[in-house]
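Visitor: Take this structure, written in structure tokens, and hold onto it; I'll ask about it next.
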Amino acid sequence: MYKFKLALRYLIKRKISYFAVIAVALCVFIVFVVITVLTGITADFKGKIHDTTGDCVVYTKSLVGFGHYDEFIRILRRQDFIEEATPVVKNYAMVSIAESGGLGSYGDYTKEIAGIEPVSLAKVTGFGDWIEYNKGQPSKVFTPSYDVNLPGCVPGIGFLFEKDEEGNYHTPAKPPRAAYEVACIPLNAKGAPAKAGAGELSSKTFYYSDHFSAGYSLDWRLFFLPLEDVQLLCGMGTGHKRITHIHIKFTKGTALNSGTEKVKKLWSDFVDTKKDAPYANLLKKVQVQDWKNFSKMIVALVETQQILTIVCFGMIGVITVFIVLVVFYMIVSHKSKDIGILKSVGASGINILGLFLNFALLIGIVGSAIGSVSGWIFLLRINEIEDWMFNKFQFQIWDRRISSIGDIPNAIDLKVLSIIIACAIAACLVGALLPSWRASRMKCVDTLAVTQL
Amino acid sequence: MNDNGVILKAKDIEKSYRMGQIQLKVLKGINLNVRKGELVVVVGASGSGKSTLLHILGALDKPDKGRVSFNGKDINSQSNRQLNHFRNKTVGFVFQFYHLLDELNVLENVLLPTMAGKSIAGWFVCRKSAKKRAAELLDKFGLSGRTKHKPYQLSGGERQRVAMARALMNEPELLLADEPTGNLDSETGNGILNVLEQLNRDGQTIVMVTHDERIAGKARRVIKLVDGVIKPA
Ligand SMILES: Nc1ncnc2c1ncn2[C@@H]1O[C@H](COP(=O)(O)OP(=O)(O)OP(=O)(O)O)[C@@H](O)[C@H]1O
Ligand SMILES: [Mg+2]
């Protein structure tokens with residue numbers, strides 16, 4: 001009983017224990033805020049990657065592509081674990097602005113192009129939401145509203161517009177007339193330039209019908225075009241028709257691994273049936289991967305960054321251990337008389353150990369309570385605070401004009417918070433252990449004699 | 001109990017302190033029997049080892065040689081657990097310098113031995129009666145109005161009385177008092193002594209250290225420590 005009473009009194013009466021509480025609170029605050037924001041940014045980014053990829057991709061890295069895709073997509077669509085599959089041709093092109101329409105400056109740009117079927121793509125990815133003028137109506141996305149007979153194209157929003165300081169785009173209510181000449185080097189199914197000798201490029205002019213915003217660098221890099229047009233531009237549309245990617249979305253509840261394994265099996269079975277078909281060699285270069293592996297480079301990068309940062313900030317916890325250790329060493333030295341008195345009335349070493357560990361527990365609980373509540377409030381207000389700092393001092397943590405991240409993520413994960421609190425309390429106990437152990441071993445006559453002198 | 005009611009028996013107690021090279025022999029073979037209900041006064045020059053002896057008798061310290069037995073049981077061979085129990089229940093110790101806990105108020109200081117001897121559950125069961133006993137003790141020592149005060153708000157004599165109430169809290173068979181009047185003026189000191197005499201008349205066994213010749217004169221049994229051994233006074 002006196003253990004709790006005394007522990008509480010020590011906490012209140014000893015100014016030095018306030019420092020321990022503040023140290024614990026600061027550590028909890030910092031780690032909580034950093035992990036929340038960082039996890040938010042990583043999750044946000046991974047969500048965007050997932051949203052642009054679908055669950056699983058059947059693809060080749062060869063610019064020649066692979067054929068027989070219609071047949072395989074039909075097989076895929078028959079599977080009950082597959083929601084939708086959509087063919088895509090990805091390639092590189094030179095894009096020249098033919099009519100700027102007031103958007104962008106004249107010039108030639110190297111861009112990634114993706115030939116797509118907008119309706120099925122919208123079922124596999126977030127495409128239907130990324131577009132602005134035809135949001136939710138992907139079938140019309142390649143139809144320019146100013147002239148329905150012209151071939152449309154969907155550039156990334158970052159190619160056309162500039163962000164303002166707060167990170168927002170200002171787009172016109174209707175797309176203005178603008179035209180882009182897209183030029184590619186077509187390859188035939190054997191991988192040779194299809195138009196060897198006769199001016200090796202094939203090109204076509206497309207008209208701005210809509211733009212897309214996926215929320216990251218894709219918005220600067222990529223042009224969406226109709227599938228057939230890209231196939232023709234790249235030499236995949238005539239003779240042996242080819243594509244480069246099939247993006248797949250699984251039905252809800254399908255595990256990523258098992259779904260991907262099933263697709264792998266379907267693909268290898270399919271390749272077996274096509275052993276003697278024309279251009280069967282192209283099928284051998286095809287791989288099947290889930291979205292994480294497909295975007296391994298970039299996903300692994302942000303994940304590694306996240307882990308490293310969390311480890312670095314986790315080291316702050318080590319500082320807590322030391323601060324508590326120092327504070328407890330001082331308190332134990334200060335309170336050695338108390339220890340002697342308690343022992344003289346029959347308190348055991350274990351009792352003394354318990355007293356100081358209770359004290360440490362109190363410091364841990366109070367400190368992490370203060371740290372998490374203030375961290376929580378700070379996170380709820382973090383975007384307001386940043387806005388306020390921007391308005392007042394023109395200060396921004398990052399430049400909204402070039403970053404794809406708008407708001408600072410602040411979704412609170414209670415599991416993370418409870419782990420942080422548990423670690424903080426454990427750190428206090430660890431830090432207190434050595435001094436408390438020393439206290440529990442003190443001989444009562446010695447401690448009482450010292451203060452007599 | 002054995003030997004005509006002897007409860008505390010010290011035999012050939014030796015104790016020395018080592019300070020660097022020098023070995024300081026403080027006690028050189030003390031033999032002492034204390035009977036139940038006796039008041040034993042220990043006198044001696046400063047530094048003669050009175051406090052050291054009292055600490056050893058109260059199991060707060062261990063002798064280098066010799067045995068201390070209480071009610072026939074050797075306390076030097078007891079386990080830590082038994083020793084804690086002994087310090088908690090069997091002896092009450094009044095220190096020369098009060099030694100109260102600054103963070104606790106008067107009542108809590110007096111309750112300390114009871115709290116220290118009980119688990120939380122045990123404390124909740126007995127807390128009413130314990131508080132009652134503490135209040136009675138404080139009343140007896142004329143401190144009933146000061147139960148909520150902190151030690152630093154009390155005078156030396158008041159603190160010493162709180163320390164005495166604490167020592168008596170668990171109704172110990174043996175009260176050990178180390179110069180309970182040492183830091184007090186003679187009037188306050190006399191008050192404390194009267195209390196101790198009263199306690200002794202009620203049957204409390206007491207071993208008390210003092211410098212005060214007058215007290216020594218009044219006491220029935222006085223022991224003098226000289227050169228680490230007992231000389232009859
Ligand atoms: N922990 C210790 N380490 C070293 N020497 C000690 C220790 N405790 C006591 N002594 C020495 O032992 C001797 C006896 O000390 P003790 O406190 O028993 O004397 P005392 O008779 O109680 O004196 P006083 O009347 O002044 O209280 C002293 O010389 C003291 O310096
Ligand atoms: Mg002394």
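In the structure tokens, the first chain shown is A, the next is B, and so on; residue numbers restart at 1 for each chain, and ligands run from 1 in the order shown.
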Step one, run DSSP on the backbone; step two, keep only residues of region 143-227 of chain A assigned to helix (DSSP H, G or I); then write them as a PyMOL selection string.
Guide: chain A and resi 157-160+218-221+227
Visitor: Excluding Leu6 (chain A) and any residue of its chain fewer than 3 positions from it, enumerate the residues within 12 Å of it, using only C-alpha atoms, and give them as a ChimeraX atom specification.
Guide: /A:1-3,9-14,335,338-339,342,351-352,354-359,362 /B:101-105,108-109,112,115-116
Visitor: Pull the closest atom pair for each residue of chain A that gets at most 9 Å from ligand 1, along with the distance in Å to one decimal, counting only C-alpha atoms and all ligand atoms, ordering rows by chain and then ascending residue number, as a tab-separated table.
Guide:
```
residue	atom	partner	partner_atom_place_in_ligand_line	distance
A:Val445	CA	ligand 1	1 (N)	7.3
A:Asp446	CA	ligand 1	1 (N)	5.6
A:Thr447	CA	ligand 1	1 (N)	8.8
A:Ala449	CA	ligand 1	1 (N)	6.3
A:Val450	CA	ligand 1	1 (N)	7.7
```
Visitor: Compute the chain B side of the contact with chain A at 10 Å, counting only C-alpha atoms, and hand it back as JSON, numbers by chain.
Guide: {"B": [51, 52, 55, 56, 58, 59, 60, 61, 62, 80, 81, 82, 83, 84, 85, 86, 87, 88, 89, 90, 91, 92, 93, 94, 95, 96, 97, 98, 99, 100, 101, 102, 103, 104, 108, 109, 111, 112, 113, 114, 115, 116, 117, 118, 119, 120, 121, 122, 123, 124, 166, 167, 170]}
Visitor: Which residues come within 12 Å of Lys73 (chain B), counting only C-alpha atoms, excluding same-chain residues fewer than 2 positions away, as a PyMOL selection string?
Guide: chain B and resi 1-2+6-10+67-71+75-78+82-83+86
Visitor: Return as an MDAnalysis selection string every polymer residue, whether protein, DNA or RNA, with at least one atom no more than 8 Å from an atom of ligand 2; count only C-alpha atoms and all ligand atoms.
Guide: chainID B and resid 46:47 49:52 96 178:179 209
Visitor: Between A:Tyr59, A:Phe393, A:Phe313, A:Trp130, which has the minimum distance to Lys284 (chain A) (counting only C-alpha atoms)?
Guide: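 Closest residue, counting only C-alpha atoms: A:Tyr59.
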Visitor: Do you know which residues are at most 10 Å from region 255-260 of chain A counting only C-alpha atoms, after dropping those on the same chain fewer than 4 positions away, and could you put them as a list of chain:residue names?
Guide: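 In the requested format, the answer is A:Asp55, A:Cys56, A:Val57, A:Val58, A:Phe81, A:Ile82, A:Ile248, A:Lys249, A:Phe250, A:Thr251, A:Lys264, A:Lys265, A:Leu266, A:Val288, A:Gln289, A:Asp290, A:Trp291, A:Lys292.
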Visitor: Take the selection from the previous step and output its residues with N, CA and C atoms, as a PDB file, in the first residue's frame.
Guide:
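Written file, part_36.pdb:
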```
ATOM      1  N   ASP A  55      -4.674  -5.955 -59.335  1.00  0.00           N
ATOM      2  CA  ASP A  55      -4.107  -6.901 -58.376  1.00  0.00           C
ATOM      3  C   ASP A  55      -2.946  -7.696 -58.961  1.00  0.00           C
ATOM      4  N   CYS A  56      -2.994  -7.914 -60.258  1.00  0.00           N
ATOM      5  CA  CYS A  56      -2.064  -8.866 -60.854  1.00  0.00           C
ATOM      6  C   CYS A  56      -1.827  -8.449 -62.300  1.00  0.00           C
ATOM      7  N   VAL A  57      -0.604  -8.692 -62.780  1.00  0.00           N
ATOM      8  CA  VAL A  57      -0.273  -8.281 -64.141  1.00  0.00           C
ATOM      9  C   VAL A  57       0.365  -9.446 -64.893  1.00  0.00           C
ATOM     10  N   VAL A  58      -0.107  -9.680 -66.129  1.00  0.00           N
ATOM     11  CA  VAL A  58       0.528 -10.629 -67.041  1.00  0.00           C
ATOM     12  C   VAL A  58       1.199  -9.764 -68.088  1.00  0.00           C
ATOM     13  N   PHE A  81     -12.781 -16.123 -59.735  1.00  0.00           N
ATOM     14  CA  PHE A  81     -12.010 -15.284 -58.810  1.00  0.00           C
ATOM     15  C   PHE A  81     -11.531 -14.004 -59.481  1.00  0.00           C
ATOM     16  N   ILE A  82     -11.861 -13.859 -60.757  1.00  0.00           N
ATOM     17  CA  ILE A  82     -11.400 -12.666 -61.471  1.00  0.00           C
ATOM     18  C   ILE A  82     -12.576 -11.755 -61.775  1.00  0.00           C
ATOM     19  N   ILE A 248      -5.149  -7.290 -64.163  1.00  0.00           N
ATOM     20  CA  ILE A 248      -6.240  -8.136 -63.672  1.00  0.00           C
ATOM     21  C   ILE A 248      -6.683  -7.656 -62.299  1.00  0.00           C
ATOM     22  N   LYS A 249      -7.996  -7.651 -62.104  1.00  0.00           N
ATOM     23  CA  LYS A 249      -8.508  -7.397 -60.750  1.00  0.00           C
ATOM     24  C   LYS A 249      -9.219  -8.651 -60.263  1.00  0.00           C
ATOM     25  N   PHE A 250      -8.892  -9.055 -59.035  1.00  0.00           N
ATOM     26  CA  PHE A 250      -9.542 -10.228 -58.445  1.00  0.00           C
ATOM     27  C   PHE A 250     -10.853  -9.819 -57.804  1.00  0.00           C
ATOM     28  N   THR A 251     -11.716 -10.817 -57.611  1.00  0.00           N
ATOM     29  CA  THR A 251     -12.953 -10.533 -56.872  1.00  0.00           C
ATOM     30  C   THR A 251     -12.612 -10.282 -55.408  1.00  0.00           C
ATOM     31  N   LYS A 264      -0.938 -17.691 -62.693  1.00  0.00           N
ATOM     32  CA  LYS A 264       0.311 -18.279 -63.201  1.00  0.00           C
ATOM     33  C   LYS A 264       0.041 -19.644 -63.832  1.00  0.00           C
ATOM     34  N   LYS A 265      -0.773 -20.445 -63.115  1.00  0.00           N
ATOM     35  CA  LYS A 265      -1.099 -21.786 -63.596  1.00  0.00           C
ATOM     36  C   LYS A 265      -1.880 -21.690 -64.913  1.00  0.00           C
ATOM     37  N   LEU A 266      -2.872 -20.783 -64.923  1.00  0.00           N
ATOM     38  CA  LEU A 266      -3.665 -20.608 -66.139  1.00  0.00           C
ATOM     39  C   LEU A 266      -2.760 -20.225 -67.306  1.00  0.00           C
ATOM     40  N   VAL A 288       4.041 -13.409 -64.862  1.00  0.00           N
ATOM     41  CA  VAL A 288       2.835 -13.101 -64.092  1.00  0.00           C
ATOM     42  C   VAL A 288       3.279 -12.656 -62.701  1.00  0.00           C
ATOM     43  N   GLN A 289       2.832 -11.472 -62.274  1.00  0.00           N
ATOM     44  CA  GLN A 289       3.235 -10.974 -60.955  1.00  0.00           C
ATOM     45  C   GLN A 289       2.080 -10.253 -60.282  1.00  0.00           C
ATOM     46  N   ASP A 290       2.087 -10.315 -58.927  1.00  0.00           N
ATOM     47  CA  ASP A 290       1.103  -9.484 -58.230  1.00  0.00           C
ATOM     48  C   ASP A 290       1.585  -8.029 -58.250  1.00  0.00           C
ATOM     49  N   TRP A 291       0.700  -7.122 -57.838  1.00  0.00           N
ATOM     50  CA  TRP A 291       1.019  -5.688 -58.023  1.00  0.00           C
ATOM     51  C   TRP A 291       2.237  -5.245 -57.235  1.00  0.00           C
ATOM     52  N   LYS A 292       2.457  -5.890 -56.065  1.00  0.00           N
ATOM     53  CA  LYS A 292       3.602  -5.473 -55.253  1.00  0.00           C
ATOM     54  C   LYS A 292       4.909  -5.822 -55.938  1.00  0.00           C
TER      55      LYS A 292
END
```
Visitor: Write out as a PyMOL selection string which residues come within 9 Å of Thr238 (chain A) when counting only C-alpha atoms, dropping same-chain ones fewer than 5 positions away.
Guide: chain A and resi 188+231-232
Visitor: Near Lys11 (chain B), counting only C-alpha atoms, which residues have an atom at most 6 Å away, once you skip same-chain residues fewer than 2 positions from it, shown as an MDAnalysis selection string?
Guide: chainID B and resid 13 31 66:67
Visitor: Would you output that residue set with all heavy atoms, as a PDB file, in the first residue's frame?
Guide:
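Final output, saved to selection.pdb:
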```pdb
ATOM      1  N   ILE B  13      29.317 -10.507  21.415  1.00  0.00           N
ATOM      2  CA  ILE B  13      29.147  -9.727  20.180  1.00  0.00           C
ATOM      3  C   ILE B  13      30.420  -8.946  19.862  1.00  0.00           C
ATOM      4  O   ILE B  13      30.949  -8.230  20.706  1.00  0.00           O
ATOM      5  CB  ILE B  13      27.985  -8.722  20.339  1.00  0.00           C
ATOM      6  CG1 ILE B  13      26.670  -9.430  20.652  1.00  0.00           C
ATOM      7  CG2 ILE B  13      27.853  -7.855  19.085  1.00  0.00           C
ATOM      8  CD1 ILE B  13      26.173 -10.305  19.549  1.00  0.00           C
ATOM      9  N   ASN B  31      28.263  -9.104  26.219  1.00  0.00           N
ATOM     10  CA  ASN B  31      27.317 -10.105  26.711  1.00  0.00           C
ATOM     11  C   ASN B  31      26.207  -9.368  27.441  1.00  0.00           C
ATOM     12  O   ASN B  31      26.476  -8.530  28.293  1.00  0.00           O
ATOM     13  CB  ASN B  31      27.989 -11.086  27.651  1.00  0.00           C
ATOM     14  CG  ASN B  31      28.893 -12.022  26.876  1.00  0.00           C
ATOM     15  OD1 ASN B  31      28.428 -12.890  26.152  1.00  0.00           O
ATOM     16  ND2 ASN B  31      30.199 -11.804  27.001  1.00  0.00           N
ATOM     17  N   GLY B  66      29.664 -13.660  17.354  1.00  0.00           N
ATOM     18  CA  GLY B  66      28.708 -13.716  18.452  1.00  0.00           C
ATOM     19  C   GLY B  66      27.290 -13.923  17.955  1.00  0.00           C
ATOM     20  O   GLY B  66      27.037 -13.941  16.752  1.00  0.00           O
ATOM     21  N   ARG B  67      26.394 -14.105  18.947  1.00  0.00           N
ATOM     22  CA  ARG B  67      25.016 -14.407  18.581  1.00  0.00           C
ATOM     23  C   ARG B  67      24.058 -13.502  19.331  1.00  0.00           C
ATOM     24  O   ARG B  67      24.285 -13.153  20.471  1.00  0.00           O
ATOM     25  CB  ARG B  67      24.635 -15.847  18.937  1.00  0.00           C
ATOM     26  CG  ARG B  67      25.688 -16.898  18.847  1.00  0.00           C
ATOM     27  CD  ARG B  67      25.076 -18.197  18.320  1.00  0.00           C
ATOM     28  NE  ARG B  67      25.906 -18.743  17.259  1.00  0.00           N
ATOM     29  CZ  ARG B  67      25.675 -18.564  15.965  1.00  0.00           C
ATOM     30  NH1 ARG B  67      24.644 -17.859  15.574  1.00  0.00           N
ATOM     31  NH2 ARG B  67      26.472 -19.098  15.062  1.00  0.00           N
TER      32      ARG B  67
END
```
Visitor: Taking into account only C-alpha atoms, which residue in the set B:Gly157, B:Gly29, B:Gly191, B:Gly142 is nearest to Ile230 (chain B)?
Guide: B:Gly29
Visitor: Counting only C-alpha atoms, what is within 12 Å of region 180-182 of chain A, bar same-chain residues fewer than 3 positions away, as a ChimeraX atom specification?
Guide: /A:91-101,103-114,150-155,159-160,177,185,201-209,223-225,229-230,232-234
Visitor: Report the residues of region 47-129 of chain B whose backbone DSSP state falls under strand (DSSP E), written as a ChimeraX atom specification.
Guide: /B:65-70,73-74,91-94
Visitor: For the selection you just gave me, I'd like the residues written to a file as a compact mmCIF listing (two decimals), in the first residue's frame, keeping C-alpha atoms.
Guide:
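Output contents, as saved in selection22.txt:
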```txt
# COMPACT_ATOMS: atom_id res chain seq x y z
CA LYS B 65 31.08 -12.55 15.75
CA GLY B 66 28.71 -13.72 18.45
CA ARG B 67 25.02 -14.41 18.58
CA VAL B 68 21.88 -12.52 19.32
CA SER B 69 18.89 -14.60 20.23
CA PHE B 70 15.36 -13.53 20.84
CA LYS B 73 15.77 -18.17 18.62
CA ASP B 74 19.05 -17.19 17.04
CA VAL B 91 11.02 -4.82 17.67
CA GLY B 92 10.24 -1.16 17.49
CA PHE B 93 13.16 1.14 16.77
CA VAL B 94 13.40 4.81 17.72
```
Visitor: Between CA of Ile331 (chain A) and CA of Leu26 (chain A), what distance in Å does the model show, to one decimal?
Guide: 21.0 Å
Visitor: Do you have the CA of Arg161 (chain B)-CA of Ala219 (chain B) distance handy?
Guide: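 Taking CA of Arg161 (chain B) and CA of Ala219 (chain B), their separation equals 20.7 Å.
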